[in-house]
Structures are given as C-alpha cells and as structure tokens.
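Engineer: If it helps, the file is called upload.tsv and holds TSV, C-alpha atoms and all ligand atoms:
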chain	number	residue	atom	x	y	z
A	9	MET	CA	136.72	61.38	-3.67
A	10	PRO	CA	133.21	62.28	-4.86
A	11	ILE	CA	130.83	59.34	-4.87
A	12	ALA	CA	128.66	58.69	-7.92
A	13	ARG	CA	125.67	56.43	-8.33
A	14	GLY	CA	124.78	54.81	-11.61
A	15	TYR	CA	124.17	51.58	-13.48
A	16	ALA	CA	126.94	49.24	-14.59
A	17	ALA	CA	127.48	46.06	-16.55
A	18	THR	CA	129.53	43.56	-14.57
A	19	ASP	CA	130.03	41.04	-17.39
A	20	ALA	CA	129.03	40.48	-21.01
A	21	THR	CA	125.80	38.64	-20.38
A	22	SER	CA	124.18	40.00	-17.19
A	23	PRO	CA	121.80	42.96	-17.15
A	24	LEU	CA	123.03	46.36	-15.99
A	25	THR	CA	122.50	46.84	-12.26
A	26	PRO	CA	122.84	49.71	-9.73
A	27	TYR	CA	126.47	50.58	-8.99
A	28	THR	CA	128.16	53.07	-6.70
A	29	PHE	CA	131.70	54.25	-7.44
A	30	GLU	CA	134.20	57.07	-6.91
A	31	ARG	CA	134.84	59.92	-9.34
A	32	ARG	CA	138.26	61.54	-9.22
A	33	GLU	CA	138.94	64.41	-6.87
A	34	PRO	CA	138.43	67.49	-9.13
A	35	ASN	CA	141.63	69.18	-10.37
A	36	ASP	CA	142.05	72.94	-10.98
A	37	ASP	CA	140.96	72.55	-14.60
A	38	ASP	CA	138.06	70.18	-13.94
A	39	VAL	CA	134.34	70.74	-14.24
A	40	VAL	CA	132.00	68.76	-11.98
A	41	ILE	CA	128.73	68.01	-13.73
A	42	ASP	CA	125.37	66.92	-12.35
A	43	ILE	CA	124.19	64.56	-15.06
A	44	LYS	CA	120.54	65.09	-15.93
A	45	PHE	CA	120.20	62.93	-19.05
A	46	ALA	CA	122.17	60.31	-20.95
A	47	GLY	CA	121.36	58.96	-24.41
A	48	ILE	CA	121.63	55.27	-25.22
A	49	CYS	CA	123.98	54.71	-28.15
A	50	HIS	CA	124.26	51.37	-29.94
A	51	SER	CA	127.97	51.37	-29.11
A	52	ASP	CA	127.04	51.21	-25.41
A	53	ILE	CA	125.47	47.82	-26.15
A	54	HIS	CA	128.39	46.63	-28.32
A	55	THR	CA	130.78	47.58	-25.53
A	56	VAL	CA	129.00	46.13	-22.50
A	57	ARG	CA	128.36	42.88	-24.35
A	58	ASN	CA	132.04	42.77	-25.30
A	59	GLU	CA	131.24	42.54	-29.01
A	60	TRP	CA	134.27	44.71	-29.72
A	61	LYS	CA	136.45	42.49	-27.50
A	62	ASN	CA	137.74	45.37	-25.40
A	63	ALA	CA	135.43	45.36	-22.37
A	64	VAL	CA	136.90	45.86	-18.89
A	65	TYR	CA	134.23	45.37	-16.23
A	66	PRO	CA	132.48	46.91	-14.44
A	67	ILE	CA	131.41	49.33	-17.17
A	68	VAL	CA	129.21	52.38	-16.59
A	69	PRO	CA	128.30	53.22	-20.21
A	70	GLY	CA	127.01	56.49	-21.64
A	71	HIS	CA	128.66	59.06	-23.91
A	72	GLU	CA	125.71	61.28	-24.73
A	73	ILE	CA	125.69	63.27	-21.52
A	74	ALA	CA	123.75	66.44	-20.74
A	75	GLY	CA	123.76	68.16	-17.37
A	76	ILE	CA	124.39	71.22	-15.24
A	77	VAL	CA	127.73	72.43	-13.88
A	78	LYS	CA	127.87	71.79	-10.14
A	79	ALA	CA	131.40	73.06	-9.40
A	80	VAL	CA	134.48	74.29	-11.27
A	81	GLY	CA	138.19	74.20	-10.48
A	82	SER	CA	140.12	77.43	-9.83
A	83	LYS	CA	141.63	77.53	-13.34
A	84	VAL	CA	138.37	76.94	-15.22
A	85	THR	CA	137.44	79.99	-17.32
A	86	LYS	CA	134.83	78.77	-19.82
A	87	PHE	CA	132.21	77.44	-17.42
A	88	LYS	CA	130.50	78.47	-14.22
A	89	VAL	CA	128.13	76.80	-11.78
A	90	GLY	CA	124.67	76.42	-13.32
A	91	ASP	CA	125.81	76.27	-16.95
A	92	ARG	CA	124.12	73.77	-19.29
A	93	VAL	CA	126.79	71.42	-20.57
A	94	GLY	CA	127.42	68.21	-22.43
A	95	VAL	CA	130.06	65.51	-22.60
A	96	GLY	CA	130.50	63.27	-25.62
A	97	CYS	CA	132.60	60.25	-26.49
A	98	PHE	CA	135.96	61.35	-25.07
A	99	VAL	CA	137.22	63.17	-22.00
A	100	ASP	CA	140.91	63.62	-22.80
A	101	SER	CA	143.26	63.27	-25.77
A	102	CYS	CA	146.87	63.23	-26.83
A	103	VAL	CA	148.25	62.70	-23.38
A	104	GLY	CA	151.91	63.66	-23.56
A	105	CYS	CA	151.67	65.33	-26.97
A	106	ALA	CA	153.49	68.62	-27.31
A	107	THR	CA	150.85	70.03	-29.61
A	108	ARG	CA	147.17	69.24	-29.58
A	109	ASP	CA	145.77	68.93	-33.12
A	110	LEU	CA	142.41	70.51	-32.41
A	111	ASP	CA	140.87	69.36	-35.67
A	112	ASN	CA	141.90	65.73	-35.42
A	113	GLU	CA	142.31	64.95	-31.74
A	114	HIS	CA	139.62	62.24	-31.91
A	115	TYR	CA	141.66	60.34	-34.50
A	116	LEU	CA	144.99	60.46	-32.69
A	117	PRO	CA	146.49	58.06	-30.19
A	118	GLY	CA	146.00	59.12	-26.61
A	119	LEU	CA	142.26	59.57	-26.90
A	120	VAL	CA	140.59	58.77	-23.58
A	121	GLN	CA	137.07	57.51	-24.05
A	122	THR	CA	134.33	58.59	-21.70
A	123	TYR	CA	133.84	55.02	-20.48
A	124	ASN	CA	135.66	51.69	-20.67
A	125	ASP	CA	138.99	53.46	-20.83
A	126	VAL	CA	141.83	54.37	-18.48
A	127	ASP	CA	141.81	57.69	-16.61
A	128	THR	CA	145.46	58.74	-16.49
A	129	LEU	CA	144.44	61.69	-14.30
A	130	ASN	CA	143.14	59.27	-11.71
A	131	GLY	CA	145.84	56.66	-11.20
A	132	ASN	CA	144.71	54.73	-14.28
A	133	ALA	CA	141.32	54.02	-12.75
A	134	PRO	CA	138.63	53.08	-15.28
A	135	THR	CA	136.65	55.91	-16.87
A	136	HIS	CA	132.93	55.66	-16.25
A	137	GLY	CA	130.27	57.27	-18.39
A	138	GLY	CA	126.91	58.93	-18.29
A	139	TYR	CA	124.55	56.32	-16.85
A	140	SER	CA	125.27	57.99	-13.51
A	141	ASP	CA	124.45	61.09	-11.49
A	142	SER	CA	127.75	63.00	-11.85
A	143	ILE	CA	131.01	63.18	-13.75
A	144	VAL	CA	134.29	65.09	-13.43
A	145	VAL	CA	135.71	66.26	-16.78
A	146	LYS	CA	138.61	68.49	-17.86
A	147	GLU	CA	137.31	71.86	-19.02
A	148	GLY	CA	138.65	71.37	-22.56
A	149	TYR	CA	136.38	68.36	-23.08
A	150	VAL	CA	133.14	69.94	-21.83
A	151	LEU	CA	130.69	71.37	-24.38
A	152	SER	CA	128.17	74.20	-24.03
A	153	ILE	CA	124.57	73.28	-24.81
A	154	PRO	CA	122.69	76.25	-26.31
A	155	GLU	CA	120.01	77.77	-24.05
A	156	ASN	CA	117.15	77.10	-26.45
A	157	LEU	CA	117.71	73.34	-26.70
A	158	PRO	CA	116.02	71.06	-24.14
A	159	LEU	CA	118.70	69.10	-22.28
A	160	ASP	CA	117.02	65.71	-22.67
A	161	ALA	CA	116.67	65.83	-26.47
A	162	ALA	CA	120.04	67.57	-26.85
A	163	ALA	CA	121.93	64.70	-25.16
A	164	PRO	CA	122.05	62.50	-28.31
A	165	LEU	CA	123.69	65.34	-30.24
A	166	LEU	CA	126.91	64.53	-28.34
A	167	CYS	CA	127.40	61.28	-30.29
A	168	ALA	CA	124.67	60.74	-32.91
A	169	GLY	CA	124.55	64.42	-33.82
A	170	ILE	CA	128.27	64.96	-34.30
A	171	THR	CA	128.66	61.60	-36.08
A	172	LEU	CA	126.43	62.90	-38.87
A	173	TYR	CA	127.36	66.58	-38.71
A	174	SER	CA	131.06	65.95	-39.26
A	175	PRO	CA	130.82	64.17	-42.66
A	176	LEU	CA	127.97	66.44	-43.81
A	177	HIS	CA	130.16	69.43	-43.04
A	178	ARG	CA	133.38	67.96	-44.42
A	179	TRP	CA	131.77	66.99	-47.76
A	180	GLN	CA	129.96	70.36	-47.87
A	181	ALA	CA	126.32	69.36	-47.76
A	182	GLY	CA	124.38	72.47	-48.68
A	183	PRO	CA	122.15	74.04	-51.32
A	184	GLY	CA	122.34	72.21	-54.64
A	185	LYS	CA	123.85	69.06	-53.08
A	186	ARG	CA	121.99	65.76	-53.14
A	187	VAL	CA	122.64	63.75	-50.00
A	188	ALA	CA	121.46	60.21	-49.24
A	189	ILE	CA	121.20	58.99	-45.69
A	190	VAL	CA	121.23	55.20	-45.54
A	191	GLY	CA	119.27	53.95	-42.53
A	192	MET	CA	116.62	55.83	-40.56
A	193	GLY	CA	117.58	55.14	-36.96
A	194	GLY	CA	119.27	57.05	-34.14
A	195	LEU	CA	122.08	58.19	-36.44
A	196	GLY	CA	120.10	58.45	-39.68
A	197	HIS	CA	117.34	60.69	-38.35
A	198	MET	CA	119.99	63.17	-37.16
A	199	GLY	CA	121.48	63.14	-40.65
A	200	VAL	CA	118.08	64.00	-42.11
A	201	LYS	CA	117.60	66.92	-39.72
A	202	ILE	CA	121.12	68.33	-39.94
A	203	GLY	CA	121.59	67.77	-43.68
A	204	SER	CA	118.32	69.45	-44.59
A	205	ALA	CA	119.05	72.33	-42.17
A	206	MET	CA	122.33	72.82	-44.06
A	207	GLY	CA	120.23	73.29	-47.19
A	208	ALA	CA	120.98	70.01	-48.96
A	209	ASP	CA	118.36	67.89	-50.72
A	210	VAL	CA	118.22	64.89	-48.40
A	211	THR	CA	116.92	61.48	-49.46
A	212	VAL	CA	116.48	58.60	-47.04
A	213	LEU	CA	117.35	55.11	-48.26
A	214	SER	CA	115.81	52.67	-45.82
A	215	GLN	CA	115.01	49.00	-46.03
A	216	THR	CA	111.26	49.66	-46.02
A	217	LEU	CA	108.96	52.66	-46.16
A	218	SER	CA	107.75	52.16	-42.57
A	219	LYS	CA	109.32	55.41	-41.35
A	220	LYS	CA	108.66	57.42	-44.49
A	221	ASP	CA	106.23	59.86	-42.86
A	222	ASP	CA	108.76	60.62	-40.14
A	223	GLY	CA	111.58	61.06	-42.64
A	224	LEU	CA	109.64	63.59	-44.68
A	225	LYS	CA	108.47	65.39	-41.54
A	226	LEU	CA	112.06	65.71	-40.30
A	227	GLY	CA	113.15	67.34	-43.55
A	228	ALA	CA	113.87	64.66	-46.15
A	229	LYS	CA	112.83	65.52	-49.68
A	230	ASP	CA	112.49	61.89	-50.79
A	231	TYR	CA	112.36	58.48	-49.19
A	232	TYR	CA	113.01	55.20	-50.96
A	233	ALA	CA	112.92	51.54	-49.96
A	234	THR	CA	116.17	49.71	-50.66
A	235	SER	CA	114.26	46.41	-50.72
A	236	ASP	CA	112.78	47.65	-54.01
A	237	GLU	CA	115.18	47.08	-56.92
A	238	GLU	CA	113.59	49.96	-58.83
A	239	THR	CA	115.17	52.33	-56.28
A	240	PHE	CA	118.66	51.49	-57.53
A	241	LYS	CA	117.65	51.92	-61.18
A	242	LYS	CA	115.87	55.20	-60.59
A	243	LEU	CA	118.63	56.80	-58.47
A	244	ALA	CA	121.68	55.65	-60.45
A	245	GLY	CA	124.30	58.42	-60.62
A	246	TYR	CA	122.10	60.76	-58.57
A	247	PHE	CA	123.89	61.65	-55.32
A	248	ASP	CA	126.84	63.88	-54.42
A	249	LEU	CA	127.16	62.27	-51.01
A	250	ILE	CA	125.91	59.06	-49.41
A	251	ILE	CA	126.28	58.60	-45.66
A	252	CYS	CA	125.82	55.03	-44.55
A	253	THR	CA	124.62	54.56	-40.97
A	254	ALA	CA	123.67	50.90	-41.47
A	255	GLY	CA	125.20	48.43	-39.04
A	256	VAL	CA	124.34	45.49	-41.27
A	257	ALA	CA	125.71	44.13	-44.54
A	258	ILE	CA	124.63	46.02	-47.67
A	259	ASP	CA	125.49	45.70	-51.37
A	260	TRP	CA	128.26	48.31	-51.42
A	261	ASN	CA	128.72	48.23	-55.18
A	262	ALA	CA	125.02	48.92	-55.73
A	263	TYR	CA	125.18	51.96	-53.44
A	264	LEU	CA	128.37	53.30	-55.05
A	265	ALA	CA	126.50	53.20	-58.36
A	266	LEU	CA	124.10	55.80	-56.95
A	267	LEU	CA	126.88	58.40	-56.78
A	268	LYS	CA	127.56	61.07	-59.37
A	269	PRO	CA	131.10	61.19	-60.78
A	270	LYS	CA	133.49	62.23	-57.99
A	271	GLY	CA	130.79	61.64	-55.41
A	272	ALA	CA	131.60	60.25	-51.98
A	273	MET	CA	130.17	57.47	-49.86
A	274	VAL	CA	131.00	57.78	-46.16
A	275	VAL	CA	130.75	54.95	-43.67
A	276	VAL	CA	129.68	55.86	-40.13
A	277	GLY	CA	127.88	52.64	-39.13
A	278	ALA	CA	130.02	49.60	-38.45
A	279	PRO	CA	128.87	46.32	-40.00
A	280	GLU	CA	130.47	43.20	-38.57
A	281	HIS	CA	132.12	42.00	-41.80
A	282	PRO	CA	134.68	43.60	-44.15
A	283	ILE	CA	133.40	45.75	-47.00
A	284	PRO	CA	133.58	43.99	-50.40
A	285	VAL	CA	133.99	46.59	-53.15
A	286	HIS	CA	134.91	46.09	-56.81
A	287	ALA	CA	137.74	48.36	-57.94
A	288	PHE	CA	135.64	49.45	-60.91
A	289	SER	CA	132.88	50.65	-58.58
A	290	LEU	CA	135.38	53.33	-57.55
A	291	ILE	CA	137.38	53.76	-60.78
A	292	PHE	CA	134.38	54.52	-63.01
A	293	GLY	CA	133.39	57.99	-61.87
A	294	ALA	CA	136.42	58.57	-59.61
A	295	LYS	CA	134.28	57.77	-56.61
A	296	GLU	CA	135.39	58.04	-53.05
A	297	LEU	CA	134.68	55.59	-50.23
A	298	SER	CA	135.57	57.03	-46.86
A	299	GLY	CA	134.80	56.80	-43.15
A	300	SER	CA	134.13	59.19	-40.32
A	301	MET	CA	134.02	58.96	-36.53
A	302	ILE	CA	132.41	61.55	-34.22
A	303	GLY	CA	134.24	64.92	-34.35
A	304	SER	CA	136.79	67.02	-32.50
A	305	ILE	CA	135.73	69.07	-29.48
A	306	LYS	CA	135.97	72.18	-31.66
A	307	GLU	CA	133.69	70.68	-34.30
A	308	THR	CA	131.32	69.26	-31.69
A	309	GLN	CA	130.82	72.76	-30.25
A	310	GLU	CA	130.30	74.09	-33.77
A	311	MET	CA	127.64	71.38	-34.30
A	312	LEU	CA	125.88	72.28	-31.03
A	313	ASP	CA	125.88	75.98	-31.95
A	314	PHE	CA	124.49	75.11	-35.41
A	315	CYS	CA	121.76	72.97	-33.81
A	316	GLY	CA	120.98	75.84	-31.42
A	317	GLU	CA	120.65	78.25	-34.32
A	318	LYS	CA	118.40	75.87	-36.27
A	319	GLY	CA	116.51	74.48	-33.26
A	320	ILE	CA	117.65	70.91	-33.94
A	321	VAL	CA	117.49	68.17	-31.32
A	322	SER	CA	117.03	64.41	-31.42
A	323	GLU	CA	113.64	62.68	-31.47
A	324	ILE	CA	113.67	60.86	-28.16
A	325	GLU	CA	111.85	58.42	-25.95
A	326	LYS	CA	112.64	59.23	-22.34
A	327	ILE	CA	113.01	56.33	-19.91
A	328	ASN	CA	113.84	55.70	-16.27
A	329	ILE	CA	117.19	54.06	-15.62
A	330	GLN	CA	115.43	50.96	-14.28
A	331	GLN	CA	114.22	50.36	-17.88
A	332	VAL	CA	117.70	50.40	-19.40
A	333	ASN	CA	117.95	46.65	-20.03
A	334	GLU	CA	114.56	46.56	-21.71
A	335	ALA	CA	115.60	49.59	-23.79
A	336	TYR	CA	118.72	47.73	-24.98
A	337	GLU	CA	116.54	44.91	-26.30
A	338	ARG	CA	114.36	47.43	-28.10
A	339	VAL	CA	117.39	49.17	-29.66
A	340	LEU	CA	118.49	45.80	-31.05
A	341	LYS	CA	115.05	45.41	-32.64
A	342	SER	CA	115.14	49.01	-33.99
A	343	ASP	CA	112.04	49.56	-31.87
A	344	VAL	CA	112.73	53.17	-30.89
A	345	ARG	CA	111.89	56.48	-32.53
A	346	TYR	CA	114.65	57.49	-32.50
A	347	ARG	CA	116.86	57.61	-29.43
A	348	PHE	CA	116.35	56.46	-25.84
A	349	VAL	CA	117.39	59.03	-23.26
A	350	ILE	CA	117.69	58.09	-19.59
A	351	ASP	CA	116.25	60.56	-17.10
A	352	MET	CA	118.83	60.47	-14.32
A	353	ALA	CA	116.32	61.79	-11.74
A	354	SER	CA	114.96	58.22	-11.82
A	355	LEU	CA	118.05	57.04	-9.91
A	356	ASP	CA	116.24	58.27	-6.78
A	357	ALA	CA	113.13	56.19	-7.51
A	401	ZN	ZN	127.81	56.71	-29.51
Spit out the file's structure as structure tokens when you get a sec.
Structural biologist:
Amino acid sequence: MPIARGYAATDATSPLTPYTFERREPNDDDVVIDIKFAGICHSDIHTVRNEWKNAVYPIVPGHEIAGIVKAVGSKVTKFKVGDRVGVGCFVDSCVGCATRDLDNEHYLPGLVQTYNDVDTLNGNAPTHGGYSDSIVVKEGYVLSIPENLPLDAAAPLLCAGITLYSPLHRWQAGPGKRVAIVGMGGLGHMGVKIGSAMGADVTVLSQTLSKKDDGLKLGAKDYYATSDEETFKKLAGYFDLIICTAGVAIDWNAYLALLKPKGAMVVVGAPEHPIPVHAFSLIFGAKELSGSMIGSIKETQEMLDFCGEKGIVSEIEKINIQQVNEAYERVLKSDVRYRFVIDMASLDA
C-alpha cells in the first residue's frame, strides 16, 4: 500500500499533528495524485472539532485539493501522468446504484466524502483528505484544472468555487439579474467573482464596509453594510437572487424583503440554529427560500472550465502545513483574505 504523509486531528480538542498512513493500492480505474496544494475550508474545522457530531479520528482533513497525476490505472482514459488535477468534497457516490444520476450524485445516498468517511474500495478504511502528500481517487471523481489557472489559487475552487457557482448557475445569474452575496469571506468572494463574470449585477451585503474596496475590485457593483438599517430600506424588493454564505444568525425575514416578486434566497452557509421565517415573508411576492450544496462532478468540471475561460481563481494566503493550527484560529476570526491554502512542499521542511 502506498504510504502518505500528512497532518491529522486525533481528537476534537488537540491541534493537528504530523501523521503517516496508508492509501489504498490503486485499482485499474484509479488516479494517483501528488498533492501540491490544499485549501482550508471552514467545514474542515467544524469536522475536526466534532461540531457536526460525526467525527471519526484520526482525521486528515482537506477537500480543496490540487495536484499533479503521478500514476494511472490501466483502465483510466481521461488522465495521464503529469496532468493538473483537482479533487473536491467527494471521491465516490451511489455505491450499488444501477444508474448514476450525474446531475445529482452529490445529493444522493452513497456519497463518499473525501475525508471522515468510509472507503468501501479499501475494506471500509477511513477516507483521508488533502492535508497530505498524495491521494488515490477513482477517475470519475478527478477534475481537470485548466492550464492557465495557478494550482495554488485554483484549489479553493473545488469547494468554495463550486458552492457558489452551482446556485448562481441554477438560478441563472447573468446580464440583467441583480444578485446579492451575503458575507464576504472564503465563499462570498468567490460568489462576487463568479457572479460578475456571468454578467450579473452583484451586490455584497456584509456586516461592515471593511472589505468594500476588495469587493468592488473583485467585481461587485455595490457594497452595503447590513449593520446599517438604511440598507434594508434602500434595497427593499431589489434582488432577483440572494445567496447567503453567512454561518451566523441573520434576520431572515429582513433579507427576504430584499427580493423582487418570485425572487429566490439560497442558503449555502450553515448557521447553528434553525431558520425562523414568517410564512408571509414567502407568500407576499411568491418568494423562494432554498439551499444548495457543492455540485456534481459534471457541474464542478463545468465550473472549472468557466473559471479557466474567465481567469478566475480564489484570493489566497499561502501557508506551510506547520501553520495549520494557527490558520484555523484565524479562519474563526475571519482574519484571512480570503482563503488559506497549504503548500504541501512544506511537509519536507
Ligand atoms: Zn468545503
């Protein structure tokens, strides 16, 4: 079995520490990837700290993976050694299903997450993610990263990028559409870039104006502080689509009031508490409140190709893996513009 080196959490409260483990012996349809970079997603922190009550230790987190193909199995046709590739939030789906629903595989039972899950192809061993030097993934779950995108800044596209692209695409963000992005963090800044590249008029709704210059630079047309009550008066009935990346409680009824008739508000951030919404906030104006989670492999490739065409990557701060615990604390304080990416070469340091 191939040996991998990485960093793992061994319980909910200790820092991540160096960890050596076995990857599965590659199958005919597997791609072996040398991991070059891995983004730090807030869900990595939720998972390793067992805030979602599903942690099985040790956990090697990381589902924003960018690297180079090191070897391919005999039945692999889409990739060859040296290709630039990515791996996102899942590495298998619909185990045992007769038909694979290629548009909705990420919403169906049988999804195998990139880490903190069970690898049925490897005797139910735990899956381990991208905070490591290599990974073995079935060809159908490997993505191509366009040649013109730098691998380090492309890594966050695999989770943050597709999380915003999917609802923007599904609700047809484009010319003539007014889109609000709530929250200007790792997710939100991708929404600004992708939404404006699609041709929509993008407005950022953030607690304060501290990141306003960045928001406008990345493509937003307007930027408002939600701490200012005037914002809600001024923008009433204004938006076709609101995408909420906030992981904290907000006044949902106040935001729904910002939608035009038949507009949609889509939840992609996960606040801790249930969402309190008045029926009339939806009834008046036939408004829609929906959710969205990452995207299928097909849609993720479409997103990467779109980003290649438009030259879109994440705004990143690159770190060595030895700084990962410090980076977690900074993510919790929103002290990053806008995504940490671990340089895996630092494993040798
Ligand atoms: Zn993520």
Engineer: Near stretch 256-258 of chain A, within 12 Å and counting all atoms listed in the file, which residues show up once chain neighbours fewer than 5 positions away are dropped, as JSON, numbers by chain?
Structural biologist: {"A": [190, 191, 213, 214, 215, 234, 235, 263, 264, 275, 276, 277, 278, 279, 280, 281, 282, 283, 284, 285, 340]}
Engineer: As a list in words, please: the residues near A:Pro164 (cut-off 8 Å, only C-alpha atoms, same-chain neighbours under 6 positions excluded).
Structural biologist: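 Listed by chain and then number, they are Ala46, Gly47, Ile48, Glu72, Ile73, Val321, Ser322, Arg347 and Val349 of chain A.
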Engineer: Around ligand ZN 401 (chain A), at most 6 Å away and counting all atoms listed in the file, which residues are there? Put them as a ChimeraX atom specification, please.
Structural biologist: /A:49,51,167
Engineer: For A:Cys315, which residue out of A:Val200, A:Ala205, A:Met301, A:Leu195 is the nearest one, using all atoms listed in the file?
Structural biologist: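 Closest candidate: A:Ala205.
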Engineer: Counting only C-alpha atoms, what is within 8 Å of A:Asp160, bar same-chain residues fewer than 6 positions away, as a list in words?
Structural biologist: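 Neighbouring residues, sequence-local ones excluded: Lys44, Phe45, Ala46, Ala74, Lys326, Val349 and Asp351 of chain A.
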Engineer: Hey, can you pull every residue with an atom no more than 12 Å from (112.8, 49.7, -17.0), using all atoms listed in the file, and send it as a short mmCIF file (atom, residue, chain, number, x, y, z; two decimals) with C-alpha atoms, in the frame of the given file?
Structural biologist:
data_model
loop_
_atom_site.label_atom_id
_atom_site.label_comp_id
_atom_site.auth_asym_id
_atom_site.auth_seq_id
_atom_site.Cartn_x
_atom_site.Cartn_y
_atom_site.Cartn_z
CA PRO A 23 121.80 42.96 -17.15
CA LEU A 24 123.03 46.36 -15.99
CA THR A 25 122.50 46.84 -12.26
CA LYS A 326 112.64 59.23 -22.34
CA ILE A 327 113.01 56.33 -19.91
CA ASN A 328 113.84 55.70 -16.27
CA ILE A 329 117.19 54.06 -15.62
CA GLN A 330 115.43 50.96 -14.28
CA GLN A 331 114.22 50.36 -17.88
CA VAL A 332 117.70 50.40 -19.40
CA ASN A 333 117.95 46.65 -20.03
CA GLU A 334 114.56 46.56 -21.71
CA ALA A 335 115.60 49.59 -23.79
CA TYR A 336 118.72 47.73 -24.98
CA GLU A 337 116.54 44.91 -26.30
CA ARG A 338 114.36 47.43 -28.10
CA PHE A 348 116.35 56.46 -25.84
CA ILE A 350 117.69 58.09 -19.59
CA ASP A 351 116.25 60.56 -17.10
CA SER A 354 114.96 58.22 -11.82
CA LEU A 355 118.05 57.04 -9.91
CA ALA A 357 113.13 56.19 -7.51
#
Engineer: Could you give me, as a PDB file with C-alpha atoms, in the coordinates of the input, the residues that have an atom at most 9 Å away from the point (132.8, 47.6, -15.6) in the coordinates of the file, using all atoms listed in the file?
Structural biologist:
ATOM      1  CA  ALA A  16     126.940  49.240 -14.590  1.00  0.00           C
ATOM      2  CA  ALA A  17     127.480  46.060 -16.550  1.00  0.00           C
ATOM      3  CA  THR A  18     129.530  43.560 -14.570  1.00  0.00           C
ATOM      4  CA  ASP A  19     130.030  41.040 -17.390  1.00  0.00           C
ATOM      5  CA  VAL A  56     129.000  46.130 -22.500  1.00  0.00           C
ATOM      6  CA  ALA A  63     135.430  45.360 -22.370  1.00  0.00           C
ATOM      7  CA  VAL A  64     136.900  45.860 -18.890  1.00  0.00           C
ATOM      8  CA  TYR A  65     134.230  45.370 -16.230  1.00  0.00           C
ATOM      9  CA  PRO A  66     132.480  46.910 -14.440  1.00  0.00           C
ATOM     10  CA  ILE A  67     131.410  49.330 -17.170  1.00  0.00           C
ATOM     11  CA  VAL A  68     129.210  52.380 -16.590  1.00  0.00           C
ATOM     12  CA  PRO A  69     128.300  53.220 -20.210  1.00  0.00           C
ATOM     13  CA  TYR A 123     133.840  55.020 -20.480  1.00  0.00           C
ATOM     14  CA  ASN A 124     135.660  51.690 -20.670  1.00  0.00           C
ATOM     15  CA  PRO A 134     138.630  53.080 -15.280  1.00  0.00           C
ATOM     16  CA  HIS A 136     132.930  55.660 -16.250  1.00  0.00           C
TER      17      HIS A 136
END
Engineer: Which residue gives the smallest distance to A:Leu159 among A:Arg92, A:Met273, A:Glu30, A:Asp356, with all atoms listed in the file counted?
Structural biologist: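 That would be A:Arg92, the residue with the smallest distance to A:Leu159.
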Engineer: Rank nothing, just name the residue among A:Val95, A:Ile251, A:Leu129, A:Ile76 nearest to A:Tyr173, using only C-alpha atoms.
Structural biologist: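 Using only C-alpha atoms, the shortest distance to A:Tyr173 belongs to A:Ile251.
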Engineer: How far is it from atom CA of A:Val99 to atom CA of A:Ile170, in Å with one decimal?
Structural biologist: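 So the answer is 15.3 Å.
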Engineer: What does the structure give for the distance between atom CA of A:Lys61 and atom CA of A:Tyr15, in Å to one decimal?
Structural biologist: 20.7 Å
Engineer: Please indicate the distance in Å from atom CA of A:Thr122 to atom CA of A:Lys83, rounded to one decimal place.
Structural biologist: 22.0 Å
Engineer: So which residues touch stretch 220-228 of chain A within 9 Å, counting all atoms listed in the file, skipping near sequence neighbours fewer than 4 positions away, as a list in words?
Structural biologist: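 Using all atoms listed in the file, the neighbours found are Met192, His197, Met198, Val200, Lys201, Ile202, Gly203, Ser204, Ala205, Asp209, Val210, Thr211, Val212, Ser214, Thr216 and Tyr232 of chain A.
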Engineer: Go through A:Gly75, A:Pro154, A:Pro175, A:Gly81 and flag the residue nearest A:Glu307, using all atoms listed in the file for the distances.
Structural biologist: A:Pro175
Engineer: Considering all atoms listed in the file, state which residue in the set A:Ile320, A:Ala265, A:Cys97, A:Ala188 is at the smallest distance from A:Leu176.
Structural biologist: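 Looking at the shortest contact to A:Leu176, the residue is A:Ala188.
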Engineer: Measuring atom to atom with only C-alpha atoms, identify which of A:Gln180, A:Thr253, A:Ser101, A:Ser142 is nearest to A:Gly196.
Structural biologist: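 Closest to A:Gly196, using only C-alpha atoms: A:Thr253.
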Engineer: For stretch 260-262 of chain A, please output as a PyMOL selection string all residues within 10 Å (counting all atoms listed in the file; exclusion window: fewer than 6 positions along the same chain).
Structural biologist: chain A and resi 240-241+244+252+273+283-290+297
Engineer: Return the padded bounding box of stretch 96-100 of chain A as JSON: axis-aligned, built from all atoms listed in the file, 8 Å added on each side, with centre and edge lengths in Å to one decimal.
Structural biologist:
{"center_x": 135.7, "center_y": 61.9, "center_z": -24.2, "size_x": 26.4, "size_y": 19.4, "size_z": 20.5}
Engineer: Keeping N, CA, C and O atoms, write stretch 139-148 of chain A of the structure just shown out as a compact mmCIF listing (two decimals), in the first residue's frame.
Structural biologist:
# COMPACT_ATOMS: atom_id res chain seq x y z
N TYR A 139 -4.81 17.30 3.30
CA TYR A 139 -3.67 17.81 4.07
C TYR A 139 -2.62 16.69 4.08
O TYR A 139 -2.23 16.19 5.14
N SER A 140 -2.18 16.29 2.91
CA SER A 140 -1.26 15.16 2.79
C SER A 140 -0.56 15.24 1.44
O SER A 140 -0.91 16.06 0.60
N ASP A 141 0.42 14.36 1.24
CA ASP A 141 1.23 14.50 0.01
C ASP A 141 0.70 13.71 -1.17
O ASP A 141 1.17 13.89 -2.30
N SER A 142 -0.28 12.80 -0.96
CA SER A 142 -0.79 12.04 -2.11
C SER A 142 -2.18 11.51 -1.80
O SER A 142 -2.58 11.39 -0.64
N ILE A 143 -2.90 11.18 -2.88
CA ILE A 143 -4.23 10.60 -2.71
C ILE A 143 -4.51 9.70 -3.92
O ILE A 143 -3.99 9.94 -5.02
N VAL A 144 -5.32 8.66 -3.68
CA VAL A 144 -5.71 7.73 -4.75
C VAL A 144 -7.22 7.89 -4.93
O VAL A 144 -7.99 7.69 -4.00
N VAL A 145 -7.63 8.29 -6.15
CA VAL A 145 -9.05 8.60 -6.40
C VAL A 145 -9.50 7.97 -7.71
O VAL A 145 -8.77 7.97 -8.70
N LYS A 146 -10.73 7.42 -7.69
CA LYS A 146 -11.35 6.89 -8.91
C LYS A 146 -11.39 7.96 -9.98
O LYS A 146 -11.78 9.11 -9.71
N GLU A 147 -11.08 7.57 -11.20
CA GLU A 147 -11.03 8.52 -12.32
C GLU A 147 -12.25 9.44 -12.42
O GLU A 147 -12.14 10.63 -12.67
N GLY A 148 -13.44 8.85 -12.19
CA GLY A 148 -14.68 9.61 -12.34
C GLY A 148 -14.87 10.73 -11.33
O GLY A 148 -15.79 11.54 -11.45
